[in-house]
Amino acid sequence: MDFSLRPLAFDALPGWTEDDPTPLIAALRRCHRQVSTVKPHRTGALGISSADLLPAYEASLTAAPNSGAEARAFFEALFEPFQLSKSDGSPGFVTAFYEPVVPVSATPDGVFRFPFYRRPDDLVDINDTNRPPGFDPGFTFGRESEDGVCEYPDRQAIEQGYLSGRGLEIAYARSKEDVFFAHVQGAARLVYPNGTTTRITYAAKSGHPFSAIGKLLIDRGDIDRQTVSMQSIRAWLTAHPEQADEVYWHNRSFIFFREAPVEDADLGPIAAAKVALEPGRSLAVDRLIHTFGTPFFLASDSLTSIDDGKPFRKLMLALDTGSAIVGPTRGDIFTGSGDHAGFLAGAVRNPADFFILIPKTAAPRYR
């Protein structure tokens, strides 16, 4: 493995005594429902399993902390902290994501013209059992054709009409930007003209690798690397409509969605862990290494935009993943839903220290 673990005491975690992780108790209960009634989460290469985490999930069912100190005591009783470090000594890195809230119409018109699509029936999952010889090993989706599995049409082909007339449209947004950034985030809340709100979450993708359009704009000299953010990218796209398609199509990956109800307006979407995200406390991680439901404590001196100007020091729960979230100390923080959450998420690109909380019953394996 290209990382190491070093055991610590809780009081060695920077800012631990100031954090109030109470919201994570309810998130642990949601994890308990998932692993006990549906199925356990896949164990990552680090080796922490849902069975290892189950005692903490069960303890959360009766926990009722009345203060940050009591919530911290809950975790101190059940976990041991370890500093997670890459073997090359490079720092960890965090970005952030959010759930956009998008005005939509169920039918297209002169204003609402840009569709969100359901998964097509000719899109198939690809694995080692059905991957054609010579097919790009990075592709996990493809198209079922008369001649077998082949590459699925990319963003440009789909936006130019490949899926038209197949009845796959969920709803229509007012701008291609709204659709594209919902693709990047992997979910959105949709608000219809009559006030009805529903949610779309990730169902599948075309299979093409994700290519960051922000990097493209930086490389072309259109946006300053030091000030790049989601907001600056959107502003550039709005100001340059004649070049926007070329930039969008640079990212050949295309996301398909499924519809879901908004069961609790205070929570985020149900993400990869099949558990609703806790705003400000949910972390996307590399699922090949880490197991969903594992607590992480993050500390970043430079990340001050999320927590009222204070350096970021929070206990998080690993509940999601993403194609750009690769490595043992790479994380993506869920900031919540709506424009303010998007503002918070848009500029997060910061080094961070990663500390993983390992259940006490499993901790001897890592000392």
# chains A, B, ... in the order shown; residues from 1 in each chain; ligands from 1

call {"tool": "residues_around", "arguments": {"residues": "range 306-308 of chain A", "least_positions_apart": "5", "cutoff": "10 Å", "atoms": "only C-alpha atoms", "output": "PyMOL selection string"}}
result
chain A and resi 96+280+313-314+335+341+343-345+347-348

call {"tool": "write_last_selection", "arguments": {"atoms": "all heavy atoms", "output": "CSV table (one decimal), in the first residue's frame"}}
result
chain,number,residue,atom,x,y,z
A,96,ALA,N,-14.9,20.0,-2.6
A,96,ALA,CA,-16.2,19.9,-2.0
A,96,ALA,C,-17.3,19.8,-3.1
A,96,ALA,O,-17.0,20.2,-4.3
A,96,ALA,CB,-16.5,21.1,-1.2
A,280,GLY,N,-22.4,19.0,5.4
A,280,GLY,CA,-21.3,19.4,6.2
A,280,GLY,C,-20.5,18.3,6.9
A,280,GLY,O,-19.5,18.6,7.5
A,313,ARG,N,-11.8,21.8,10.9
A,313,ARG,CA,-11.5,20.7,11.8
A,313,ARG,C,-12.8,20.0,12.1
A,313,ARG,O,-13.5,20.4,13.0
A,313,ARG,CB,-10.8,21.1,13.1
A,313,ARG,CG,-9.4,21.5,13.1
A,313,ARG,CD,-9.1,22.9,12.9
A,313,ARG,NE,-7.7,23.3,13.2
A,313,ARG,CZ,-6.7,23.2,12.3
A,313,ARG,NH1,-7.0,22.8,11.1
A,313,ARG,NH2,-5.5,23.6,12.7
A,314,LYS,N,-13.1,18.9,11.4
A,314,LYS,CA,-14.4,18.3,11.6
A,314,LYS,C,-14.3,16.8,11.4
A,314,LYS,O,-13.5,16.3,10.6
A,314,LYS,CB,-15.4,18.8,10.6
A,314,LYS,CG,-16.0,20.2,10.9
A,314,LYS,CD,-17.1,20.6,10.0
A,314,LYS,CE,-17.6,22.0,10.2
A,314,LYS,NZ,-18.3,22.1,11.6
A,335,THR,N,-21.3,19.9,1.1
A,335,THR,CA,-21.7,21.1,1.8
A,335,THR,C,-23.2,21.3,2.0
A,335,THR,O,-23.5,22.2,2.7
A,335,THR,CB,-21.0,22.3,1.1
A,335,THR,OG1,-21.5,22.4,-0.3
A,335,THR,CG2,-19.5,22.3,1.1
A,341,ALA,N,-24.8,26.5,-0.6
A,341,ALA,CA,-24.0,25.3,-0.5
A,341,ALA,C,-23.1,25.2,-1.7
A,341,ALA,O,-21.9,24.9,-1.6
A,341,ALA,CB,-24.8,24.0,-0.4
A,343,PHE,N,-22.0,27.9,-3.4
A,343,PHE,CA,-21.0,28.9,-3.1
A,343,PHE,C,-19.9,28.4,-2.2
A,343,PHE,O,-18.7,28.6,-2.5
A,343,PHE,CB,-21.7,30.1,-2.5
A,343,PHE,CG,-20.7,31.2,-2.1
A,343,PHE,CD1,-20.2,32.1,-3.1
A,343,PHE,CD2,-20.3,31.4,-0.8
A,343,PHE,CE1,-19.2,33.1,-2.7
A,343,PHE,CE2,-19.4,32.4,-0.4
A,343,PHE,CZ,-18.9,33.2,-1.4
A,344,LEU,N,-20.3,27.7,-1.2
A,344,LEU,CA,-19.2,27.1,-0.3
A,344,LEU,C,-18.4,26.1,-0.9
A,344,LEU,O,-17.1,26.1,-0.8
A,344,LEU,CB,-19.9,26.5,1.0
A,344,LEU,CG,-20.7,27.4,1.9
A,344,LEU,CD1,-21.3,26.6,3.0
A,344,LEU,CD2,-19.7,28.5,2.5
A,345,ALA,N,-19.0,25.2,-1.7
A,345,ALA,CA,-18.3,24.1,-2.4
A,345,ALA,C,-17.4,24.6,-3.5
A,345,ALA,O,-16.3,24.0,-3.7
A,345,ALA,CB,-19.2,23.1,-2.9
A,347,ALA,N,-15.2,26.8,-4.3
A,347,ALA,CA,-13.7,27.2,-4.2
A,347,ALA,C,-12.9,26.3,-3.4
A,347,ALA,O,-11.7,26.7,-3.1
A,347,ALA,CB,-13.7,28.7,-3.7
A,348,VAL,N,-13.4,25.2,-2.9
A,348,VAL,CA,-12.6,24.3,-2.0
A,348,VAL,C,-11.6,23.5,-2.8
A,348,VAL,O,-12.0,22.7,-3.6
A,348,VAL,CB,-13.5,23.4,-1.2
A,348,VAL,CG1,-12.7,22.5,-0.3
A,348,VAL,CG2,-14.5,24.2,-0.3

call {"tool": "select_by_dssp", "arguments": {"residues": "range 20-157 of chain A", "states": "strand (DSSP E)", "output": "ChimeraX atom specification"}}
result
/A:79-86,92-99,101-105,114-117,123-125,141-145,148-150

call {"tool": "residues_around", "arguments": {"residues": "Leu163 in chain A", "least_positions_apart": "4", "cutoff": "10 Å", "atoms": "only C-alpha atoms", "output": "MDAnalysis selection string"}}
result
chainID A and resid 117 120 153 157:159 167:169

call {"tool": "write_last_selection", "arguments": {"atoms": "N, CA and C atoms", "output": "JSON list (two decimals), in the first residue's frame"}}
result
[["chain", "number", "residue", "atom", "x", "y", "z"],
["A", 117, "TYR", "N", -31.61, 13.04, -18.41],
["A", 117, "TYR", "CA", -31.99, 11.75, -18.99],
["A", 117, "TYR", "C", -31.92, 10.61, -17.97],
["A", 120, "PRO", "N", -30.47, 4.76, -20.43],
["A", 120, "PRO", "CA", -31.00, 4.10, -21.63],
["A", 120, "PRO", "C", -30.94, 2.58, -21.51],
["A", 153, "PRO", "N", -22.09, 6.30, -27.16],
["A", 153, "PRO", "CA", -21.93, 7.68, -27.63],
["A", 153, "PRO", "C", -21.61, 8.63, -26.49],
["A", 157, "ALA", "N", -22.34, 13.56, -28.83],
["A", 157, "ALA", "CA", -23.34, 12.82, -29.60],
["A", 157, "ALA", "C", -24.71, 12.86, -28.94],
["A", 158, "ILE", "N", -24.74, 12.73, -27.61],
["A", 158, "ILE", "CA", -26.02, 12.74, -26.89],
["A", 158, "ILE", "C", -26.66, 14.12, -26.98],
["A", 159, "GLU", "N", -25.86, 15.17, -26.78],
["A", 159, "GLU", "CA", -26.42, 16.53, -26.84],
["A", 159, "GLU", "C", -26.83, 16.92, -28.25],
["A", 167, "GLY", "N", -38.03, 8.81, -25.13],
["A", 167, "GLY", "CA", -38.82, 8.96, -23.91],
["A", 167, "GLY", "C", -38.03, 8.87, -22.63],
["A", 168, "LEU", "N", -36.75, 9.23, -22.67],
["A", 168, "LEU", "CA", -35.89, 9.11, -21.49],
["A", 168, "LEU", "C", -35.79, 10.39, -20.68],
["A", 169, "GLU", "N", -36.41, 11.45, -21.16],
["A", 169, "GLU", "CA", -36.29, 12.74, -20.47],
["A", 169, "GLU", "C", -37.05, 12.74, -19.14]]

call {"tool": "closest_atom_pairs", "arguments": {"of": "range 251-336 of chain A", "to": "range 66-88 of chain A", "cutoff": "12 Å", "atoms": "only C-alpha atoms", "output": "Markdown table"}}
result
| residue | atom | partner | partner_atom | distance |
| --- | --- | --- | --- | --- |
| A:Ile289 | CA | A:Leu84 | CA | 11.9 |
| A:His290 | CA | A:Leu84 | CA | 11.5 |
| A:Thr294 | CA | A:Phe79 | CA | 10.2 |
| A:Pro295 | CA | A:Phe79 | CA | 9.1 |
| A:Phe296 | CA | A:Pro81 | CA | 8.7 |
| A:Phe297 | CA | A:Pro81 | CA | 8.5 |
| A:Leu298 | CA | A:Gln83 | CA | 10.0 |
| A:Ala299 | CA | A:Gln83 | CA | 11.0 |
| A:Lys314 | CA | A:Arg72 | CA | 11.2 |
| A:Leu315 | CA | A:Arg72 | CA | 9.5 |
| A:Met316 | CA | A:Phe75 | CA | 11.8 |
| A:Gly327 | CA | A:Lys86 | CA | 8.6 |
| A:Pro328 | CA | A:Lys86 | CA | 7.1 |
| A:Thr329 | CA | A:Ser85 | CA | 7.0 |
| A:Arg330 | CA | A:Lys86 | CA | 10.2 |

call {"tool": "atom_distance", "arguments": {"atom1": "CA of Trp249 in chain A", "atom2": "CA of Pro137 in chain A"}}
result
21.8 Å

call {"tool": "closest_residue", "arguments": {"among": "A:Ala56, A:Ile358, A:Ala212, A:Ala260", "to": "Tyr248 in chain A", "atoms": "only C-alpha atoms"}}
result
A:Ala212

call {"tool": "closest_residue", "arguments": {"among": "A:Ala187, A:Leu53, A:Ala284, A:Ile218", "to": "Phe93 in chain A", "atoms": "only C-alpha atoms"}}
result
A:Ala284

call {"tool": "select_by_dssp", "arguments": {"residues": "range 77-273 of chain A", "states": "helix (DSSP H, G or I)", "output": "ChimeraX atom specification"}}
result
/A:77-78,155-162,176-185,213-219,230-239,241-250

call {"tool": "residues_around", "arguments": {"residues": "Leu319 in chain A", "least_positions_apart": "3", "cutoff": "7 Å", "atoms": "only C-alpha atoms", "output": "list in words"}}
result
Ala271, Ala272, Ala273, Val275, Leu277, Ser282, Leu283, Ala284, Phe292 and Gly293 of chain A

call {"tool": "atom_distance", "arguments": {"atom1": "CA of Phe112 in chain A", "atom2": "CA of Ser175 in chain A"}}
result
7.5 Å

call {"tool": "closest_residue", "arguments": {"among": "A:Val111, A:Asp2, A:Phe181, A:Asp286", "to": "Ile325 in chain A", "atoms": "only C-alpha atoms"}}
result
A:Asp286

call {"tool": "closest_residue", "arguments": {"among": "A:Val101, A:Leu5, A:Ala244, A:Ala318", "to": "Asp178 in chain A", "atoms": "only C-alpha atoms"}}
result
A:Val101

call {"tool": "closest_residue", "arguments": {"among": "A:Asp332, A:Tyr172, A:Val35, A:Arg258", "to": "Asp52 in chain A", "atoms": "only C-alpha atoms"}}
result
A:Val35

call {"tool": "residues_around", "arguments": {"residues": "Ala276 in chain A", "least_positions_apart": "6", "cutoff": "8 Å", "atoms": "only C-alpha atoms", "output": "ChimeraX atom specification"}}
result
/A:27,30,267-270

call {"tool": "write_last_selection", "arguments": {"atoms": "N, CA and C atoms", "output": "short mmCIF file (atom, residue, chain, number, x, y, z; two decimals), in the first residue's frame"}}
result
data_model
loop_
_atom_site.label_atom_id
_atom_site.label_comp_id
_atom_site.auth_asym_id
_atom_site.auth_seq_id
_atom_site.Cartn_x
_atom_site.Cartn_y
_atom_site.Cartn_z
N ALA A 27 -26.46 9.88 11.35
CA ALA A 27 -25.90 9.28 10.14
C ALA A 27 -25.48 7.83 10.39
N ARG A 30 -28.46 5.66 10.14
CA ARG A 30 -28.83 5.37 8.76
C ARG A 30 -27.93 4.29 8.17
N LEU A 267 -31.67 16.78 4.61
CA LEU A 267 -30.59 15.87 4.25
C LEU A 267 -30.29 15.94 2.77
N GLY A 268 -29.11 15.50 2.40
CA GLY A 268 -28.74 15.44 1.00
C GLY A 268 -29.27 14.19 0.34
N PRO A 269 -28.86 13.96 -0.90
CA PRO A 269 -29.33 12.78 -1.63
C PRO A 269 -28.76 11.49 -1.05
N ILE A 270 -29.39 10.39 -1.40
CA ILE A 270 -28.84 9.07 -1.09
C ILE A 270 -27.76 8.80 -2.12
#

call {"tool": "residues_around", "arguments": {"residues": "Arg33 in chain A", "least_positions_apart": "6", "cutoff": "10 Å", "atoms": "only C-alpha atoms", "output": "PyMOL selection string"}}
result
chain A and resi 39-40+57-58+275

call {"tool": "residues_around", "arguments": {"residues": "Ser105 in chain A", "least_positions_apart": "2", "cutoff": "8 Å", "atoms": "only C-alpha atoms", "output": "CSV table (one decimal) with N, CA and C atoms, in the first residue's frame"}}
result
chain,number,residue,atom,x,y,z
A,103,PRO,N,-34.6,24.8,-11.2
A,103,PRO,CA,-35.9,25.0,-11.7
A,103,PRO,C,-36.1,24.2,-13.0
A,107,THR,N,-42.2,19.3,-19.3
A,107,THR,CA,-42.3,19.3,-20.8
A,107,THR,C,-41.4,20.5,-21.3
A,108,PRO,N,-40.9,20.3,-22.5
A,108,PRO,CA,-40.0,21.4,-23.1
A,108,PRO,C,-40.8,22.5,-23.6
A,112,PHE,N,-37.5,26.2,-21.1
A,112,PHE,CA,-37.0,24.9,-20.6
A,112,PHE,C,-36.7,23.9,-21.7
A,171,ALA,N,-36.9,15.6,-17.0
A,171,ALA,CA,-37.4,17.0,-16.9
A,171,ALA,C,-36.4,17.9,-17.7
A,172,TYR,N,-36.8,19.2,-17.9
A,172,TYR,CA,-36.1,20.1,-18.7
A,172,TYR,C,-35.6,21.3,-17.9
A,173,ALA,N,-34.4,21.6,-18.0
A,173,ALA,CA,-33.8,22.8,-17.3
A,173,ALA,C,-33.8,24.0,-18.3
A,192,TYR,N,-40.4,22.2,-9.8
A,192,TYR,CA,-41.3,22.4,-10.9
A,192,TYR,C,-42.1,23.7,-10.7
A,193,PRO,N,-42.7,24.3,-11.8
A,193,PRO,CA,-43.4,25.5,-11.7
A,193,PRO,C,-44.5,25.6,-10.6

call {"tool": "atom_distance", "arguments": {"atom1": "CA of Phe257 in chain A", "atom2": "CA of Ser145 in chain A"}}
result
21.9 Å

call {"tool": "closest_residue", "arguments": {"among": "A:Asp219, A:Asp147, A:Asp320, A:Asp136", "to": "Leu288 in chain A", "atoms": "only C-alpha atoms"}}
result
A:Asp320

call {"tool": "decode", "arguments": {"residues": "range 124-182 of chain A", "atoms": "C-alpha atoms", "output": "CSV table (one decimal), in the first residue's frame"}}
result
chain,number,residue,atom,x,y,z
A,124,VAL,CA,-24.8,-2.1,-20.2
A,125,ASP,CA,-22.4,-2.5,-17.3
A,126,ILE,CA,-19.0,-3.8,-18.3
A,127,ASN,CA,-16.7,-6.0,-16.2
A,128,ASP,CA,-14.1,-8.6,-16.8
A,129,THR,CA,-16.7,-11.2,-17.8
A,130,ASN,CA,-18.1,-9.2,-20.8
A,131,ARG,CA,-15.3,-6.8,-21.7
A,132,PRO,CA,-14.5,-7.1,-25.4
A,133,PRO,CA,-10.9,-7.8,-26.4
A,134,GLY,CA,-9.0,-4.5,-26.7
A,135,PHE,CA,-11.8,-2.5,-25.1
A,136,ASP,CA,-10.5,0.3,-22.9
A,137,PRO,CA,-10.1,-1.2,-19.4
A,138,GLY,CA,-11.2,2.1,-17.8
A,139,PHE,CA,-14.7,1.8,-19.3
A,140,THR,CA,-17.3,0.4,-16.9
A,141,PHE,CA,-20.2,1.0,-19.3
A,142,GLY,CA,-20.8,0.4,-22.9
A,143,ARG,CA,-23.5,0.1,-25.6
A,144,GLU,CA,-25.2,-3.3,-26.4
A,145,SER,CA,-25.3,-3.5,-30.2
A,146,GLU,CA,-26.0,-6.2,-32.8
A,147,ASP,CA,-22.3,-6.7,-33.1
A,148,GLY,CA,-21.7,-6.9,-29.3
A,149,VAL,CA,-20.6,-4.4,-26.7
A,150,CYS,CA,-19.1,-1.2,-28.0
A,151,GLU,CA,-18.3,2.3,-26.8
A,152,TYR,CA,-21.4,4.3,-25.9
A,153,PRO,CA,-21.9,7.7,-27.6
A,154,ASP,CA,-20.3,10.5,-25.7
A,155,ARG,CA,-21.6,13.9,-24.4
A,156,GLN,CA,-21.4,15.6,-27.8
A,157,ALA,CA,-23.3,12.8,-29.6
A,158,ILE,CA,-26.0,12.7,-26.9
A,159,GLU,CA,-26.4,16.5,-26.8
A,160,GLN,CA,-26.7,16.5,-30.6
A,161,GLY,CA,-29.7,14.1,-30.5
A,162,TYR,CA,-28.6,10.5,-30.0
A,163,LEU,CA,-31.2,9.9,-27.4
A,164,SER,CA,-34.0,12.0,-28.9
A,165,GLY,CA,-37.4,10.3,-29.3
A,166,ARG,CA,-36.8,7.5,-26.8
A,167,GLY,CA,-38.8,9.0,-23.9
A,168,LEU,CA,-35.9,9.1,-21.5
A,169,GLU,CA,-36.3,12.7,-20.5
A,170,ILE,CA,-37.0,13.2,-16.8
A,171,ALA,CA,-37.4,17.0,-16.9
A,172,TYR,CA,-36.1,20.1,-18.7
A,173,ALA,CA,-33.8,22.8,-17.3
A,174,ARG,CA,-33.4,26.4,-18.5
A,175,SER,CA,-29.7,26.2,-19.3
A,176,LYS,CA,-27.1,23.7,-20.4
A,177,GLU,CA,-25.0,25.0,-17.5
A,178,ASP,CA,-27.7,23.8,-15.0
A,179,VAL,CA,-27.6,20.3,-16.5
A,180,PHE,CA,-23.8,20.1,-16.8
A,181,PHE,CA,-23.1,21.1,-13.2
A,182,ALA,CA,-25.8,18.6,-12.0
